[in-house]
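A.B. asks: Contents of target06.cif (mmCIF, C-alpha atoms) are given next:
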data_model
loop_
_atom_site.label_atom_id
_atom_site.label_comp_id
_atom_site.auth_asym_id
_atom_site.auth_seq_id
_atom_site.Cartn_x
_atom_site.Cartn_y
_atom_site.Cartn_z
CA MET A 1 70.53 99.24 156.38
CA THR A 2 69.93 101.36 153.27
CA ALA A 3 70.41 99.91 149.86
CA VAL A 4 72.97 101.52 147.64
CA GLN A 5 71.37 102.75 144.39
CA THR A 6 73.48 101.82 141.40
CA PRO A 7 73.21 103.60 138.07
CA ARG A 8 71.52 101.80 135.22
CA ALA A 9 74.19 99.79 133.41
CA GLY A 10 72.82 100.51 129.96
CA ALA A 11 72.84 104.32 130.26
CA PRO A 12 76.64 104.87 130.16
CA ALA A 13 76.96 102.42 127.27
CA GLU A 14 74.21 104.18 125.30
CA ALA A 15 75.73 107.59 125.97
CA SER A 16 79.15 106.28 124.95
CA ALA A 17 77.75 104.85 121.69
CA VAL A 18 76.05 108.15 120.81
CA SER A 19 79.23 110.09 121.63
CA LYS A 20 81.30 107.80 119.42
CA LEU A 21 78.79 108.18 116.57
CA VAL A 22 78.82 111.99 116.87
CA ALA A 23 82.62 112.03 117.01
CA ARG A 24 82.83 109.82 113.92
CA VAL A 25 80.42 112.06 112.00
CA LYS A 26 82.51 115.10 112.97
CA ARG A 27 85.68 113.42 111.70
CA VAL A 28 84.02 112.51 108.39
CA VAL A 29 82.70 116.05 107.89
CA ALA A 30 86.07 117.56 108.83
CA SER A 31 87.95 115.35 106.37
CA ASN A 32 85.35 115.74 103.60
CA PRO A 33 83.22 118.91 103.95
CA SER A 34 81.17 118.00 100.87
CA VAL A 35 79.23 115.43 102.94
CA LEU A 36 77.91 118.21 105.22
CA PRO A 37 74.73 118.89 103.18
CA THR A 38 73.93 115.16 103.12
CA VAL A 39 74.45 114.91 106.89
CA ALA A 40 72.23 117.98 107.31
CA ALA A 41 69.50 116.31 105.21
CA ILE A 42 69.62 113.22 107.41
CA VAL A 43 69.43 115.37 110.54
CA ILE A 44 66.43 117.27 109.12
CA PHE A 45 64.64 114.03 108.24
CA ILE A 46 65.20 112.57 111.71
CA SER A 47 64.09 115.87 113.29
CA MET A 48 60.91 115.85 111.19
CA VAL A 49 60.17 112.28 112.27
CA ILE A 50 60.64 113.19 115.95
CA TYR A 51 58.53 116.35 115.61
CA GLY A 52 55.77 114.48 113.80
CA GLU A 53 55.69 111.73 116.42
CA VAL A 54 55.54 114.22 119.30
CA ALA A 55 53.03 116.58 117.66
CA TYR A 56 50.71 114.21 115.83
CA GLY A 57 51.67 110.65 116.78
CA ARG A 58 51.65 107.52 114.61
CA ILE A 59 54.64 108.64 112.56
CA VAL A 60 57.17 106.07 113.75
CA GLN A 61 55.22 103.03 112.65
CA ALA A 62 55.29 100.53 109.83
CA ASN A 63 52.16 101.81 108.11
CA THR A 64 53.49 105.37 107.81
CA LEU A 65 56.86 104.16 106.49
CA SER A 66 55.08 101.96 103.95
CA ASN A 67 52.91 104.81 102.68
CA LEU A 68 55.91 107.14 102.54
CA LEU A 69 57.81 104.73 100.29
CA ILE A 70 54.81 103.76 98.16
CA ASN A 71 53.65 107.33 97.52
CA ASN A 72 57.15 108.60 96.74
CA ALA A 73 58.65 105.68 94.82
CA HIS A 74 58.44 107.63 91.54
CA LEU A 75 60.07 110.70 93.15
CA ILE A 76 62.92 108.56 94.47
CA ILE A 77 63.54 107.25 90.95
CA LEU A 78 63.46 110.79 89.53
CA ALA A 79 65.86 112.00 92.25
CA VAL A 80 68.30 109.24 91.31
CA ALA A 81 68.00 110.24 87.64
CA MET A 82 68.62 113.91 88.46
CA THR A 83 71.64 112.99 90.59
CA PHE A 84 73.48 111.60 87.55
CA VAL A 85 72.79 114.78 85.56
CA ILE A 86 73.59 117.32 88.29
CA LEU A 87 76.81 115.49 89.21
CA THR A 88 78.10 116.42 85.75
CA GLY A 89 77.06 120.04 86.29
CA GLY A 90 73.99 119.70 84.05
CA ILE A 91 70.24 119.87 84.55
CA ASP A 92 67.24 117.99 83.14
CA LEU A 93 63.92 119.83 82.95
CA SER A 94 62.21 117.20 80.80
CA VAL A 95 61.59 114.45 83.37
CA GLY A 96 58.04 115.55 84.24
CA SER A 97 56.89 115.80 80.63
CA ILE A 98 58.48 112.43 79.85
CA ILE A 99 56.31 110.91 82.57
CA ALA A 100 53.22 112.58 81.08
CA LEU A 101 53.93 111.34 77.55
CA SER A 102 54.99 107.85 78.63
CA SER A 103 52.00 107.36 80.93
CA VAL A 104 49.40 108.65 78.45
CA ALA A 105 50.88 106.61 75.60
CA GLY A 106 51.18 103.53 77.79
CA VAL A 107 47.60 103.62 79.04
CA MET A 108 46.21 104.24 75.55
CA LEU A 109 48.23 101.37 74.08
CA SER A 110 47.19 99.08 76.91
CA ASN A 111 43.53 99.95 76.39
CA ALA A 112 44.00 99.26 72.67
CA GLY A 113 44.87 95.66 73.53
CA TRP A 114 48.68 95.73 73.36
CA ASP A 115 50.64 93.22 75.41
CA PRO A 116 51.34 94.72 78.90
CA LEU A 117 55.04 93.82 78.81
CA VAL A 118 55.44 95.50 75.41
CA VAL A 119 53.63 98.57 76.73
CA ILE A 120 55.95 98.82 79.75
CA VAL A 121 59.03 98.49 77.54
CA LEU A 122 57.73 101.18 75.18
CA MET A 123 57.03 103.54 78.09
CA ILE A 124 60.65 103.19 79.17
CA VAL A 125 61.95 103.48 75.59
CA ILE A 126 60.11 106.80 75.18
CA GLY A 127 62.11 108.18 78.08
CA THR A 128 65.33 106.74 76.66
CA VAL A 129 64.75 108.43 73.29
CA PHE A 130 64.10 111.80 74.92
CA GLY A 131 67.21 111.43 77.08
CA LEU A 132 69.31 110.49 74.06
CA ALA A 133 68.04 113.52 72.14
CA SER A 134 68.91 115.82 75.05
CA GLY A 135 72.38 114.29 75.39
CA ILE A 136 73.14 114.66 71.68
CA LEU A 137 71.99 118.29 71.63
CA ILE A 138 74.13 119.10 74.65
CA GLN A 139 77.28 117.22 73.68
CA TYR A 140 77.44 117.47 69.91
CA PHE A 141 75.53 120.70 69.19
CA ASN A 142 76.82 122.62 72.23
CA VAL A 143 73.31 123.50 73.40
CA GLN A 144 73.13 124.49 77.05
CA PRO A 145 71.53 121.74 79.20
CA PHE A 146 68.87 124.16 80.41
CA ILE A 147 67.78 125.02 76.85
CA ALA A 148 68.06 121.50 75.45
CA THR A 149 66.00 119.87 78.19
CA LEU A 150 63.55 122.79 78.21
CA ALA A 151 62.91 122.09 74.52
CA MET A 152 62.39 118.40 75.32
CA MET A 153 60.03 119.40 78.12
CA PHE A 154 57.80 121.39 75.74
CA LEU A 155 58.02 118.65 73.11
CA GLY A 156 57.00 115.93 75.54
CA ARG A 157 54.17 117.97 77.03
CA GLY A 158 52.89 118.89 73.57
CA LEU A 159 52.95 115.30 72.32
CA ALA A 160 51.10 114.15 75.45
CA ALA A 161 48.41 116.77 74.79
CA LEU A 162 48.16 115.64 71.15
CA LEU A 163 47.53 112.08 72.28
CA SER A 164 44.82 113.02 74.75
CA THR A 165 43.63 115.92 76.88
CA GLN A 166 41.29 113.69 78.86
CA PRO A 167 42.22 111.38 81.73
CA GLU A 168 43.06 107.91 80.44
CA ARG A 169 42.36 105.03 82.84
CA LEU A 170 43.70 101.53 83.13
CA PRO A 171 41.10 98.81 83.74
CA GLU A 172 41.09 97.39 87.25
CA ASP A 173 42.16 94.01 85.89
CA SER A 174 45.05 95.41 83.83
CA PRO A 175 48.28 93.43 84.49
CA ILE A 176 50.19 96.73 84.61
CA ARG A 177 48.36 97.62 87.82
CA TRP A 178 50.01 94.63 89.50
CA LEU A 179 53.12 96.80 89.91
CA GLY A 180 51.08 99.01 92.24
CA GLU A 181 49.52 96.17 94.21
CA GLN A 182 50.34 96.13 97.92
CA PHE A 183 51.87 93.03 99.50
CA LYS A 184 52.01 92.59 103.25
CA VAL A 185 55.53 91.97 104.58
CA VAL A 186 54.87 92.25 108.33
CA ASP A 187 51.42 91.72 109.83
CA GLY A 188 51.23 94.41 112.53
CA GLU A 189 48.55 95.30 115.05
CA LYS A 190 45.29 96.62 113.60
CA VAL A 191 46.25 98.45 110.37
CA ASN A 192 49.90 98.95 111.30
CA ASP A 193 51.20 96.60 108.61
CA LEU A 194 54.47 96.88 106.74
CA VAL A 195 53.53 96.62 103.08
CA VAL A 196 55.43 97.13 99.83
CA THR A 197 54.55 97.23 96.17
CA PRO A 198 56.57 95.99 93.20
CA GLY A 199 56.99 99.69 92.39
CA VAL A 200 58.80 100.24 95.70
CA VAL A 201 61.03 97.23 94.99
CA ILE A 202 61.84 98.71 91.57
CA ALA A 203 62.74 102.04 93.20
CA LEU A 204 65.05 100.30 95.69
CA LEU A 205 66.72 98.32 92.90
CA VAL A 206 67.25 101.57 90.97
CA VAL A 207 68.91 103.13 94.02
CA LEU A 208 71.21 100.13 94.52
CA ALA A 209 72.14 100.01 90.82
CA ALA A 210 72.85 103.76 90.76
CA PHE A 211 74.99 103.49 93.89
CA PHE A 212 77.01 100.69 92.31
CA VAL A 213 77.48 102.56 89.03
CA LEU A 214 78.52 105.83 90.65
CA HIS A 215 80.85 104.39 93.27
CA ARG A 216 82.13 101.13 91.83
CA THR A 217 82.57 101.68 88.09
CA ARG A 218 84.75 103.70 85.74
CA THR A 219 81.63 105.38 84.38
CA GLY A 220 80.74 106.63 87.83
CA ARG A 221 84.23 108.02 88.39
CA THR A 222 83.99 109.78 85.03
CA VAL A 223 80.65 111.33 86.01
CA TYR A 224 82.22 112.83 89.13
CA ALA A 225 85.32 113.92 87.18
CA ILE A 226 83.23 115.77 84.57
CA GLY A 227 81.45 117.67 87.32
CA GLY A 228 84.78 118.60 88.88
CA SER A 229 86.37 119.79 85.63
CA GLU A 230 85.26 118.69 82.18
CA SER A 231 88.41 119.96 80.47
CA SER A 232 90.68 118.16 82.93
CA SER A 233 88.66 114.98 82.46
CA ALA A 234 89.17 115.17 78.71
CA LEU A 235 92.92 115.72 79.15
CA MET A 236 93.07 112.62 81.36
CA GLY A 237 91.65 110.58 78.50
CA LEU A 238 88.27 109.90 80.11
CA ALA A 239 85.27 109.17 77.90
CA VAL A 240 83.70 112.59 78.39
CA PRO A 241 81.43 112.78 75.29
CA ARG A 242 80.03 109.28 75.77
CA THR A 243 79.47 109.79 79.49
CA LYS A 244 77.72 113.14 79.07
CA VAL A 245 75.28 111.59 76.60
CA LEU A 246 74.91 108.55 78.85
CA VAL A 247 73.81 110.53 81.93
CA TYR A 248 70.92 112.06 79.97
CA VAL A 249 70.01 108.65 78.57
CA ILE A 250 69.97 107.34 82.15
CA SER A 251 67.83 110.29 83.25
CA GLY A 252 65.33 109.75 80.44
CA THR A 253 65.21 105.99 80.95
CA LEU A 254 64.61 106.32 84.69
CA SER A 255 61.89 108.89 83.95
CA GLY A 256 60.19 106.23 81.86
CA VAL A 257 60.57 103.77 84.74
CA ALA A 258 59.05 106.36 87.10
CA ALA A 259 56.14 106.72 84.67
CA VAL A 260 55.51 102.98 84.84
CA VAL A 261 55.65 102.95 88.65
CA TYR A 262 53.40 106.01 89.02
CA THR A 263 50.83 104.89 86.43
CA SER A 264 50.58 101.39 87.87
CA ARG A 265 49.83 102.82 91.32
CA LEU A 266 47.12 105.32 90.29
CA GLY A 267 45.85 103.59 87.16
CA ILE A 268 45.33 106.94 85.45
CA ALA A 269 47.31 109.11 83.05
CA GLN A 270 46.88 112.74 81.95
CA ASN A 271 48.77 115.15 79.76
CA ILE A 272 49.15 117.42 82.82
CA THR A 273 50.76 114.68 84.91
CA GLY A 274 54.22 115.54 86.18
CA ILE A 275 53.98 119.33 86.01
CA GLY A 276 56.61 120.67 88.41
CA TRP A 277 58.05 117.22 89.16
CA GLU A 278 61.36 118.20 87.60
CA LEU A 279 61.62 120.89 90.27
CA ASP A 280 60.77 118.38 92.99
CA ALA A 281 63.48 116.06 91.68
CA ILE A 282 66.01 118.91 91.63
CA ALA A 283 64.98 119.95 95.13
CA ALA A 284 65.32 116.39 96.45
CA THR A 285 68.76 116.06 94.87
CA VAL A 286 70.01 119.38 96.23
CA ILE A 287 68.55 118.77 99.69
CA GLY A 288 70.28 115.38 99.62
CA GLY A 289 73.64 117.09 99.25
CA THR A 290 74.46 117.03 95.54
CA LEU A 291 76.20 120.28 94.57
CA LEU A 292 74.52 122.18 91.74
CA THR A 293 77.95 122.93 90.32
CA GLY A 294 78.59 119.18 89.98
CA GLY A 295 81.36 116.89 91.15
CA TYR A 296 80.05 116.16 94.64
CA GLY A 297 76.99 114.29 95.82
CA TYR A 298 75.59 110.94 96.87
CA VAL A 299 72.68 109.04 95.41
CA LEU A 300 71.62 107.90 98.89
CA GLY A 301 71.49 111.56 99.91
CA SER A 302 69.04 112.20 97.06
CA VAL A 303 66.84 109.41 98.42
CA VAL A 304 66.84 111.14 101.81
CA GLY A 305 65.97 114.40 100.08
CA ALA A 306 62.99 112.75 98.38
CA LEU A 307 61.84 111.31 101.71
CA VAL A 308 62.16 114.75 103.33
CA LEU A 309 59.78 116.19 100.74
CA GLY A 310 57.41 113.25 101.12
CA LEU A 311 57.39 113.43 104.91
CA MET A 312 56.79 117.17 104.75
CA ASN A 313 53.57 116.51 102.83
CA VAL A 314 52.56 113.93 105.43
CA LEU A 315 53.10 116.36 108.31
CA ILE A 316 51.20 119.16 106.58
CA THR A 317 48.31 116.77 105.92
CA ARG A 318 48.32 115.56 109.54
CA ASP A 319 48.31 119.14 110.86
CA GLY A 320 45.20 120.07 108.93
CA GLY A 321 45.57 123.77 109.70
CA ILE A 322 48.40 124.42 107.24
CA PRO A 323 47.19 125.22 103.69
CA PRO A 324 48.58 122.92 100.97
CA GLU A 325 50.15 125.96 99.28
CA MET A 326 52.61 126.13 102.18
CA THR A 327 54.28 122.99 100.83
CA THR A 328 55.84 124.96 97.99
CA ILE A 329 56.90 127.79 100.31
CA ILE A 330 58.48 125.43 102.84
CA THR A 331 60.22 123.50 100.05
CA GLY A 332 61.62 126.76 98.70
CA GLY A 333 62.86 127.75 102.15
CA ILE A 334 64.58 124.40 102.73
CA LEU A 335 66.10 124.53 99.25
CA LEU A 336 67.46 128.03 99.85
CA VAL A 337 69.08 126.91 103.09
CA PHE A 338 70.79 124.00 101.35
CA VAL A 339 71.98 126.14 98.44
CA LEU A 340 73.56 128.56 100.94
CA LEU A 341 75.07 125.59 102.78
CA GLN A 342 76.52 124.34 99.50
CA ARG A 343 78.03 127.76 98.83
CA ALA A 344 79.70 127.67 102.24
CA VAL A 345 81.03 124.15 101.63
CA THR A 346 82.32 125.13 98.17
CA SER A 347 84.05 128.23 99.53
CA LYS A 348 85.66 126.21 102.32
CA ARG A 349 86.89 123.59 99.85
CA HIS A 350 88.52 126.25 97.65
CA THR A 351 90.28 128.05 100.50
#
Can the structure in the file be given as structure tokens, please?

C.D. replies:
Amino acid sequence: MTAVQTPRAGAPAEASAVSKLVARVKRVVASNPSVLPTVAAIVIFISMVIYGEVAYGRIVQANTLSNLLINNAHLIILAVAMTFVILTGGIDLSVGSIIALSSVAGVMLSNAGWDPLVVIVLMIVIGTVFGLASGILIQYFNVQPFIATLAMMFLGRGLAALLSTQPERLPEDSPIRWLGEQFKVVDGEKVNDLVVTPGVVIALLVVLAAFFVLHRTRTGRTVYAIGGSESSSALMGLAVPRTKVLVYVISGTLSGVAAVVYTSRLGIAQNITGIGWELDAIAATVIGGTLLTGGYGYVLGSVVGALVLGLMNVLITRDGGIPPEMTTIITGGILLVFVLLQRAVTSKRHT
């Protein structure tokens, strides 16, 4: 008597769950095409994880996830900052130079014997002042965001060079370095531990706070409205001037926070720190689905965009045969694809 082979009970259920998930994603995209770039970013990230695991191994593990978050915590914060600005249809080119100035000033003040907490606050305040200056120039002097933040970029970089052209180092026992200290959350096999730093926790708190502000407050709704149509927002009685200044203050403040997180991890500051980071932040934001024209985007998508850039560096390093210069070329290619995708989404929304 032959036994009747029955199909595995879990397989149909798993297939059904995947089908329902795909169908739900299709409905969301169909009802709101602006989420398509964000969905595409998530798909790319998952595809990169799968490719890395198959090609190189040891990608889907706690240690790799920990390093990805730790090494890119400052970029995540910058991507969140850039999301606020781009949602209004603006741009901020000063974030990298703010990090340079804040980090150099912070390390020098710390080495001069200043209280660590005061130093951290001053590093953040430097970013706030630069953001406020950019916002005032843009809103009240009608300077284009590109020009205003470009001026702040040169100012910040120049001030950092005036302070020091040599690497400034924090002592190993500096309390500021505690923010970069690794704490084990899950004790895995061998070196496969899940670890975090206070800097990662700060980045996650920034993401949660930004999500709340953009999606649960009047200020957030005004940010989206300005990006959709600034003139219509003003006619509706929204606080357009205040909000436009505020988004640049937020961007500058978060740049100062990113400077604290980055400096605490490496323990070193230079006047050349942060060169090109404004472009990385813009790329992460655009890859995450925020439209360059403003009005549409998601802060969580910007986080995914930052992780895509971080994981790309990991895969290139693991390969060993790809020159580091290819990182810029690949980033440019991905960015071009997402800009074209945004154009298609915008055209579809207007038809």

A.B. asks: Calculated over all atoms listed in the file, which of the candidates A:Gly127, A:Pro145, A:Gly333, A:Gly227 has the smallest distance to Ser255 of chain A?

C.D. replies: A:Gly127

A.B. asks: Mind pulling up the distance from atom CA of Val249 of chain A to atom CA of Gly228 of chain A?

C.D. replies: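 One can read the atom CA of Gly228 of chain A to atom CA of Val249 of chain A distance as 20.6 Å.
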
A.B. asks: Within 10 Å of Val121 of chain A, counting all atoms listed in the file, which residues qualify if same-chain residues fewer than 4 places away don't, as number ranges by chain?

C.D. replies: A: 106, 116-117, 125-126, 256-257, 260

A.B. asks: Between A:Val337, A:Ala148, A:Ala259, A:Val195, which residue has the minimum interatomic distance to Ser103 of chain A, considering all atoms listed in the file?

C.D. replies: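 Using all atoms listed in the file, the shortest distance to Ser103 of chain A belongs to A:Ala259.
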
A.B. asks: Determine the nearest neighbour of Thr128 of chain A from the options A:Arg318, A:Ile98, A:Phe211, A:Ser233, counting only C-alpha atoms.

C.D. replies: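 Ranked by minimum distance to Thr128 of chain A, first place goes to A:Ile98.
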
A.B. asks: So, counting all atoms listed in the file, which residue among A:Ser264, A:Thr222, A:Ser66, A:Thr217 is closest to Thr243 of chain A?

C.D. replies: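 Among A:Ser264, A:Thr222, A:Ser66, A:Thr217, it is A:Thr222 that comes nearest to Thr243 of chain A.
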
A.B. asks: Which neighbours of segment 301-310 of chain A fall inside 6 Å, counting only C-alpha atoms, when residues of the same chain fewer than 3 positions from it are skipped, and could you give them as a list in words?

C.D. replies: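 The filter keeps Thr38, Phe45, Ile76, Ala79, Ala284, Thr285, Ile287, Gly288, Gly289, Tyr298 and Asn313 of chain A.
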
A.B. asks: Print the selection's residues with C-alpha atoms to a file, as a PDB file, in the frame of the given file.

C.D. replies:
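Generated file (again_19.pdb):
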ATOM      1  CA  THR A  38      73.930 115.160 103.120  1.00  0.00           C
ATOM      2  CA  PHE A  45      64.640 114.030 108.240  1.00  0.00           C
ATOM      3  CA  ILE A  76      62.920 108.560  94.470  1.00  0.00           C
ATOM      4  CA  ALA A  79      65.860 112.000  92.250  1.00  0.00           C
ATOM      5  CA  ALA A 284      65.320 116.390  96.450  1.00  0.00           C
ATOM      6  CA  THR A 285      68.760 116.060  94.870  1.00  0.00           C
ATOM      7  CA  ILE A 287      68.550 118.770  99.690  1.00  0.00           C
ATOM      8  CA  GLY A 288      70.280 115.380  99.620  1.00  0.00           C
ATOM      9  CA  GLY A 289      73.640 117.090  99.250  1.00  0.00           C
ATOM     10  CA  TYR A 298      75.590 110.940  96.870  1.00  0.00           C
ATOM     11  CA  ASN A 313      53.570 116.510 102.830  1.00  0.00           C
TER      12      ASN A 313
END

A.B. asks: May I ask for the distance between atom CA of Leu137 of chain A and atom CA of Val240 of chain A, given in Å to one decimal place?

C.D. replies: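 If I compute the distance from atom CA of Leu137 of chain A to atom CA of Val240 of chain A, I get 14.7 Å.
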
A.B. asks: Counting only C-alpha atoms, which residue out of A:Ser97, A:His74, A:Gly158, A:Asp319 sits closest to Val206 of chain A?

C.D. replies: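 When distances to Val206 of chain A are compared using only C-alpha atoms, the smallest one comes from A:His74.
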
A.B. asks: Rank A:Ile124, A:Val186, A:Leu109, A:Leu292 by their smallest atom-to-atom distance to Gly90 of chain A, using only C-alpha atoms, and report the top residue only.

C.D. replies: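 Closest to Gly90 of chain A of all the choices is A:Leu292.
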
A.B. asks: I'd like the contact shell of Ala160 of chain A - 9 Å cut-off, all atoms listed in the file, skipping same-chain residues fewer than 5 positions apart - returned as a short mmCIF file (atom, residue, chain, number, x, y, z; two decimals) with C-alpha atoms, keeping the file's coordinate frame.

C.D. replies:
data_model
loop_
_atom_site.label_atom_id
_atom_site.label_comp_id
_atom_site.auth_asym_id
_atom_site.auth_seq_id
_atom_site.Cartn_x
_atom_site.Cartn_y
_atom_site.Cartn_z
CA SER A 97 56.89 115.80 80.63
CA ILE A 98 58.48 112.43 79.85
CA ALA A 100 53.22 112.58 81.08
CA LEU A 101 53.93 111.34 77.55
CA SER A 102 54.99 107.85 78.63
CA SER A 103 52.00 107.36 80.93
CA VAL A 104 49.40 108.65 78.45
CA ALA A 105 50.88 106.61 75.60
CA LEU A 155 58.02 118.65 73.11
CA THR A 165 43.63 115.92 76.88
CA GLN A 270 46.88 112.74 81.95
CA ASN A 271 48.77 115.15 79.76
CA ILE A 272 49.15 117.42 82.82
#

A.B. asks: Report as a list in words all protein, DNA and RNA residues lying within 9 Å of Lys244 of chain A, evaluated on all atoms listed in the file, omitting residues in the same chain fewer than 6 positions from it.

C.D. replies: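 In the requested format, the answer is Val85, Thr88, Gly135, Ile136, Ile138, Gln139, Val223 and Ile226 of chain A.
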
A.B. asks: Which residues are close to Thr317 of chain A, i.e. within 12 Å by all atoms listed in the file, leaving aside same-chain residues fewer than 5 positions away? Reply as number ranges by chain.

C.D. replies: A: 52, 56, 310-312, 322-327

A.B. asks: Given the file shown, enumerate the residues that the PyMOL selection byres ((chain A and resi 199) around 12) captures and present them as a PyMOL selection string.

C.D. replies: chain A and resi 66+69-77+176-183+195-198+200-206+257-266

A.B. asks: Kindly export the residues of the current selection with C-alpha atoms, as an mmCIF file, in the frame of the given file.

C.D. replies:
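Once written, result.cif looks like this:
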data_model
loop_
_atom_site.group_PDB
_atom_site.id
_atom_site.type_symbol
_atom_site.label_atom_id
_atom_site.label_comp_id
_atom_site.auth_asym_id
_atom_site.auth_seq_id
_atom_site.Cartn_x
_atom_site.Cartn_y
_atom_site.Cartn_z
ATOM 1 C CA SER A 66 55.080 101.960 103.950
ATOM 2 C CA LEU A 69 57.810 104.730 100.290
ATOM 3 C CA ILE A 70 54.810 103.760 98.160
ATOM 4 C CA ASN A 71 53.650 107.330 97.520
ATOM 5 C CA ASN A 72 57.150 108.600 96.740
ATOM 6 C CA ALA A 73 58.650 105.680 94.820
ATOM 7 C CA HIS A 74 58.440 107.630 91.540
ATOM 8 C CA LEU A 75 60.070 110.700 93.150
ATOM 9 C CA ILE A 76 62.920 108.560 94.470
ATOM 10 C CA ILE A 77 63.540 107.250 90.950
ATOM 11 C CA ILE A 176 50.190 96.730 84.610
ATOM 12 C CA ARG A 177 48.360 97.620 87.820
ATOM 13 C CA TRP A 178 50.010 94.630 89.500
ATOM 14 C CA LEU A 179 53.120 96.800 89.910
ATOM 15 C CA GLY A 180 51.080 99.010 92.240
ATOM 16 C CA GLU A 181 49.520 96.170 94.210
ATOM 17 C CA GLN A 182 50.340 96.130 97.920
ATOM 18 C CA PHE A 183 51.870 93.030 99.500
ATOM 19 C CA VAL A 195 53.530 96.620 103.080
ATOM 20 C CA VAL A 196 55.430 97.130 99.830
ATOM 21 C CA THR A 197 54.550 97.230 96.170
ATOM 22 C CA PRO A 198 56.570 95.990 93.200
ATOM 23 C CA VAL A 200 58.800 100.240 95.700
ATOM 24 C CA VAL A 201 61.030 97.230 94.990
ATOM 25 C CA ILE A 202 61.840 98.710 91.570
ATOM 26 C CA ALA A 203 62.740 102.040 93.200
ATOM 27 C CA LEU A 204 65.050 100.300 95.690
ATOM 28 C CA LEU A 205 66.720 98.320 92.900
ATOM 29 C CA VAL A 206 67.250 101.570 90.970
ATOM 30 C CA VAL A 257 60.570 103.770 84.740
ATOM 31 C CA ALA A 258 59.050 106.360 87.100
ATOM 32 C CA ALA A 259 56.140 106.720 84.670
ATOM 33 C CA VAL A 260 55.510 102.980 84.840
ATOM 34 C CA VAL A 261 55.650 102.950 88.650
ATOM 35 C CA TYR A 262 53.400 106.010 89.020
ATOM 36 C CA THR A 263 50.830 104.890 86.430
ATOM 37 C CA SER A 264 50.580 101.390 87.870
ATOM 38 C CA ARG A 265 49.830 102.820 91.320
ATOM 39 C CA LEU A 266 47.120 105.320 90.290
#

A.B. asks: Could you expand the PyMOL selection byres ((chain A and resi 335) around 10) into the explicit residues it covers here, written as a list in words?

C.D. replies: Ile282, Ala283, Ala284, Thr285, Val286, Ile287, Ile329, Ile330, Thr331, Gly332, Gly333, Ile334, Leu336, Val337, Phe338, Val339, Leu340 and Leu341 of chain A

A.B. asks: Do you have the atom CA of Ala41 of chain A-atom CA of Asn67 of chain A distance handy?

C.D. replies: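 For atom CA of Ala41 of chain A relative to atom CA of Asn67 of chain A, the distance reads 20.3 Å.
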